[in-house]
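Engineer: Dumping the structure here so I can ask a few things about it.
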Amino acid sequence: MHSKNFLLALIFLSLTMVFACGEDEPPAPGPEYDPTPFELVIPSHMPILEIPEDNPMTVEGVELGRRLFYDTKLHKHEEHACADCHIQSQSFTSGPAVLPHMNFGWYNNFLWNGKISGSLEEIMLFEVASFFETDLDKINSDENYPDLFFQAFGTQTATHELAAKALSQFERTLICSNSKFDRVVYENSEFFTDEELIGYELFFTEEGDCFHCHGGVLMTDNLFHNNGLDDTFNDIGYAAITGNDTDIGRFKTPSLRNIALTAPYMHDGRYATLEEVVNFYSEELKFSETIDPLMKNVHQGGVQLTEEEKSALVAFLKTLTDTTFINNPLFSNPF
């Protein structure tokens with residue numbers, strides 16, 4: 001009797017082990033989504049930078065944005081990267097059609113004619129979905145991007161919206177704020193030369209009359225002006241977007257930060273040097289029906305500077321160059 005019970009127990013134990021061995025192993029835990037908050041350092045003299053609640057900055061998001069910025073895979077035919085036109089050594093520009101990418105986090109109007117307005121995410125979405133026509137299948141089949149998107153956003157599936165968010169995070173890090181001008185005016189750690197000081201005073205007074213559009217720490221009012229370049233217009237500028245005749249000839253005010261690095265100048269690149277630009281504002285303004293009221297010296301051709309004053313104004317404009325910005329390795333090609 002005891003032998004029979006022992007045998008039955010042995011059979012039961014054997015069957016239990018067989019079935020136990022046949023059960024599926026529990027799935028291995030997947031990677032954990034745990035992004036690292038990015039600590040964006042805003043210089044004390046720069047404005048407060050608002051970060052969208054739906055796109056908080058993370059180390060992983062910024063790095064993904066930097067890779068996308070430099071990767072030709074973002075382009076439908078893999079022919080261009082953002083960085084091909086936005087070159088770091090030229091303050092992320094490369095010609096008249098390309099406005100510099102710096103301090104974009106504070107802007108709400110984009111492109112020379114204001115085609116896109118709103119948030120940084122909106123202009124980046126335009127770039128990804130419309131300008132580059134990014135092929136998401138290529139991004140999602142790449143050996144690296146699914147993991148990078150997961151680390152940044154918690155999903156391995158790239159979308160135009162997520163790519164735009166990553167690019168926006170990277171763009172918000174592109175802060176240009178360490179020029180001689182900053183160190184003199186805001187940090188009191190350097191001094192202008194005599195010539196630079198004359199140029200500074202011309203710039204910020206009615207005598208040079210630059211400060212109305214290019215005043216403030218960003219060196220742009222982020223608005224649109226007809227600054228007297230022409231009296232007739234082949235390119236009607238902002239009016240092409242608004243449909244208002246009063247906007248004919250108005251174009252976005254570019255920032256003058258790193259202006260010495262971003263030639264040629266104006267929306268059509270008509271001026272090759274800063275000297276030519278200063279000469280234009282001094283004596284070559286043209287009247288038209290939509291001329292900006294700020295250009296009050298148009299009927300005398302401009303502000304009528306002396307040659308010494310022109311040289312001083314150019315000397316001051318060169319103090320707006322931030323060499324740390326164009327050499328920052330955190331903004332450079334990661335490949």
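By order of appearance in the structure tokens: chains A, B, ..., then residues from 1 within every chain, and ligands from 1 in the order shown.
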Show which residues sit within 8 Å of range 282-297 of chain A, as a list in words. Count only C-alpha atoms, and ignore same-chain residues fewer than 2 positions away.
Structural biologist: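 Listed by chain and then number, they are His212, His225, Asn226, Asn227, Gly228, Leu229, Asp230, Asp231, Thr232, Thr246, Asp247, Ile248, Gly249, Val278, Asn279, Phe280, His299, Gln300, Gly301, Gly302, Val303, Gln304 and Leu305 of chain A.
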Engineer: Skipping near chain neighbours, those fewer than 2 positions away, what residues fall within 12 Å of His80 in chain A using only C-alpha atoms, listed as number ranges by chain?
Structural biologist: A: 68-78, 82-86, 131-134
Engineer: List as a PyMOL selection string the protein and nucleic acid residues near Thr58 in chain A, meaning an atom at most 12 Å away when only C-alpha atoms are counted, but skip any in the same chain fewer than 5 places from it.
Structural biologist: chain A and resi 33-40+51+63-65+149+151-153+165-170+172-173
Engineer: Provide the CA of Glu50 in chain A to CA of Glu121 in chain A distance in Å, to one decimal place.
Structural biologist: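 Value for the CA of Glu50 in chain A-CA of Glu121 in chain A distance: 12.6 Å.
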Engineer: Extract the full set of helix (DSSP H, G or I) residues from range 30-183 of chain A according to DSSP on the backbone, and format it as a PyMOL selection string.
Structural biologist: chain A and resi 59-70+72-74+82-85+88-90+104-106+120-131+136-140+145-153+160-172+180-183
Engineer: As an MDAnalysis selection string, please: every residue in range 99-267 of chain A that a backbone DSSP assignment puts in strand (DSSP E or B).
Structural biologist: chainID A and resid 109:110 116:117 224:225 237 250:252 265
Engineer: CA of Pro146 in chain A and CA of Glu53 in chain A are how many Å apart?
Structural biologist: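 Calculated distance between CA of Pro146 in chain A and CA of Glu53 in chain A is 23.5 Å.
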Engineer: What are the closest atom pairs, with distances in Å to one decimal, for all residues of range 159-238 of chain A lying within 12 Å of range 94-110 of chain A? Consider only C-alpha atoms, order rows by chain and residue number, and present the result as JSON lines.
Structural biologist:
{"residue": "A:Leu167", "atom": "CA", "partner": "A:Phe104", "partner_atom": "CA", "distance": 11.4}
{"residue": "A:Ser168", "atom": "CA", "partner": "A:Gly105", "partner_atom": "CA", "distance": 8.2}
{"residue": "A:Gln169", "atom": "CA", "partner": "A:Gly105", "partner_atom": "CA", "distance": 9.0}
{"residue": "A:Phe170", "atom": "CA", "partner": "A:Gly105", "partner_atom": "CA", "distance": 10.0}
{"residue": "A:Glu171", "atom": "CA", "partner": "A:Phe104", "partner_atom": "CA", "distance": 6.6}
{"residue": "A:Arg172", "atom": "CA", "partner": "A:Gly105", "partner_atom": "CA", "distance": 5.0}
{"residue": "A:Thr173", "atom": "CA", "partner": "A:Asn103", "partner_atom": "CA", "distance": 8.1}
{"residue": "A:Leu174", "atom": "CA", "partner": "A:Met102", "partner_atom": "CA", "distance": 5.3}
{"residue": "A:Ile175", "atom": "CA", "partner": "A:Asn103", "partner_atom": "CA", "distance": 4.9}
{"residue": "A:Cys176", "atom": "CA", "partner": "A:Met102", "partner_atom": "CA", "distance": 6.1}
{"residue": "A:Ser177", "atom": "CA", "partner": "A:Asn103", "partner_atom": "CA", "distance": 8.6}
{"residue": "A:Val217", "atom": "CA", "partner": "A:Asn103", "partner_atom": "CA", "distance": 10.5}
{"residue": "A:Leu218", "atom": "CA", "partner": "A:Asn103", "partner_atom": "CA", "distance": 7.6}
{"residue": "A:Met219", "atom": "CA", "partner": "A:Asn103", "partner_atom": "CA", "distance": 10.4}
{"residue": "A:Thr220", "atom": "CA", "partner": "A:Tyr107", "partner_atom": "CA", "distance": 9.6}
{"residue": "A:Asp221", "atom": "CA", "partner": "A:Tyr107", "partner_atom": "CA", "distance": 9.4}
{"residue": "A:Asn222", "atom": "CA", "partner": "A:Asn109", "partner_atom": "CA", "distance": 6.5}
{"residue": "A:Leu223", "atom": "CA", "partner": "A:Asn109", "partner_atom": "CA", "distance": 7.5}
{"residue": "A:Phe224", "atom": "CA", "partner": "A:Asn109", "partner_atom": "CA", "distance": 9.2}
{"residue": "A:Tyr238", "atom": "CA", "partner": "A:Asn109", "partner_atom": "CA", "distance": 11.0}
Engineer: Rounded to one decimal place, report the CA of Phe126 in chain A-CA of Leu49 in chain A distance in Å.
Structural biologist: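 CA of Leu49 in chain A lies 21.9 Å from CA of Phe126 in chain A.
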Engineer: Smallest atom-to-atom distance to Leu256 in chain A: which of A:Ser117, A:Ser44, A:Thr193, A:Ser91, using only C-alpha atoms?
Structural biologist: A:Ser91
Engineer: Find the residues near Arg183 in chain A: any atom within 12 Å, counting only C-alpha atoms, skip ones fewer than 3 places away on the same chain, and give them as a list in words.
Structural biologist: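 Counting only the stated atoms, we get Pro43, His45, Ser177, Asn178, Ser179, Lys180, Tyr186, Glu187, Asn188, Ser189, Glu190, Phe191, Phe192, Thr319, Leu320, Thr321 and Asp322 of chain A.
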Engineer: Just write the chosen residues, C-alpha atoms, as an mmCIF file, in the first residue's frame.
Structural biologist:
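Result went into out-v6.cif, see below:
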data_model
loop_
_atom_site.group_PDB
_atom_site.id
_atom_site.type_symbol
_atom_site.label_atom_id
_atom_site.label_comp_id
_atom_site.auth_asym_id
_atom_site.auth_seq_id
_atom_site.Cartn_x
_atom_site.Cartn_y
_atom_site.Cartn_z
ATOM 1 C CA PRO A 43 22.160 84.296 -18.497
ATOM 2 C CA HIS A 45 20.574 89.589 -18.515
ATOM 3 C CA SER A 177 24.656 86.055 -25.186
ATOM 4 C CA ASN A 178 28.414 86.269 -24.567
ATOM 5 C CA SER A 179 29.677 89.035 -26.819
ATOM 6 C CA LYS A 180 31.884 91.951 -25.866
ATOM 7 C CA TYR A 186 25.488 93.797 -18.720
ATOM 8 C CA GLU A 187 28.463 92.339 -16.864
ATOM 9 C CA ASN A 188 30.705 95.400 -16.457
ATOM 10 C CA SER A 189 33.729 93.192 -17.026
ATOM 11 C CA GLU A 190 35.163 94.923 -20.114
ATOM 12 C CA PHE A 191 35.254 98.365 -21.701
ATOM 13 C CA PHE A 192 34.519 99.651 -25.184
ATOM 14 C CA THR A 319 31.273 93.943 -30.559
ATOM 15 C CA LEU A 320 28.060 91.904 -30.951
ATOM 16 C CA THR A 321 30.100 88.860 -32.029
ATOM 17 C CA ASP A 322 29.890 85.890 -29.664
#
Engineer: List the neighbours of Gly216 in chain A out to 10 Å using only C-alpha atoms; skip same-chain residues closer than 5 positions along the sequence, and give me the result as a PDB file with C-alpha atoms, in the first residue's frame.
Structural biologist:
ATOM      1  CA  MET A  46      18.475  87.546 -20.950  1.00  0.00           C
ATOM      2  CA  PRO A  47      14.654  87.452 -20.745  1.00  0.00           C
ATOM      3  CA  PHE A 204      21.142 103.819 -29.134  1.00  0.00           C
ATOM      4  CA  PHE A 211      17.632 101.087 -31.524  1.00  0.00           C
ATOM      5  CA  ASP A 221      11.855  93.640 -31.966  1.00  0.00           C
TER       6      ASP A 221
END
Engineer: Rank nothing, just name the residue among A:Leu136, A:Gly114, A:Gly215, A:Pro31 nearest to Phe150 in chain A, using only C-alpha atoms.
Structural biologist: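 Nearest candidate to Phe150 in chain A out of A:Leu136, A:Gly114, A:Gly215, A:Pro31: A:Pro31.
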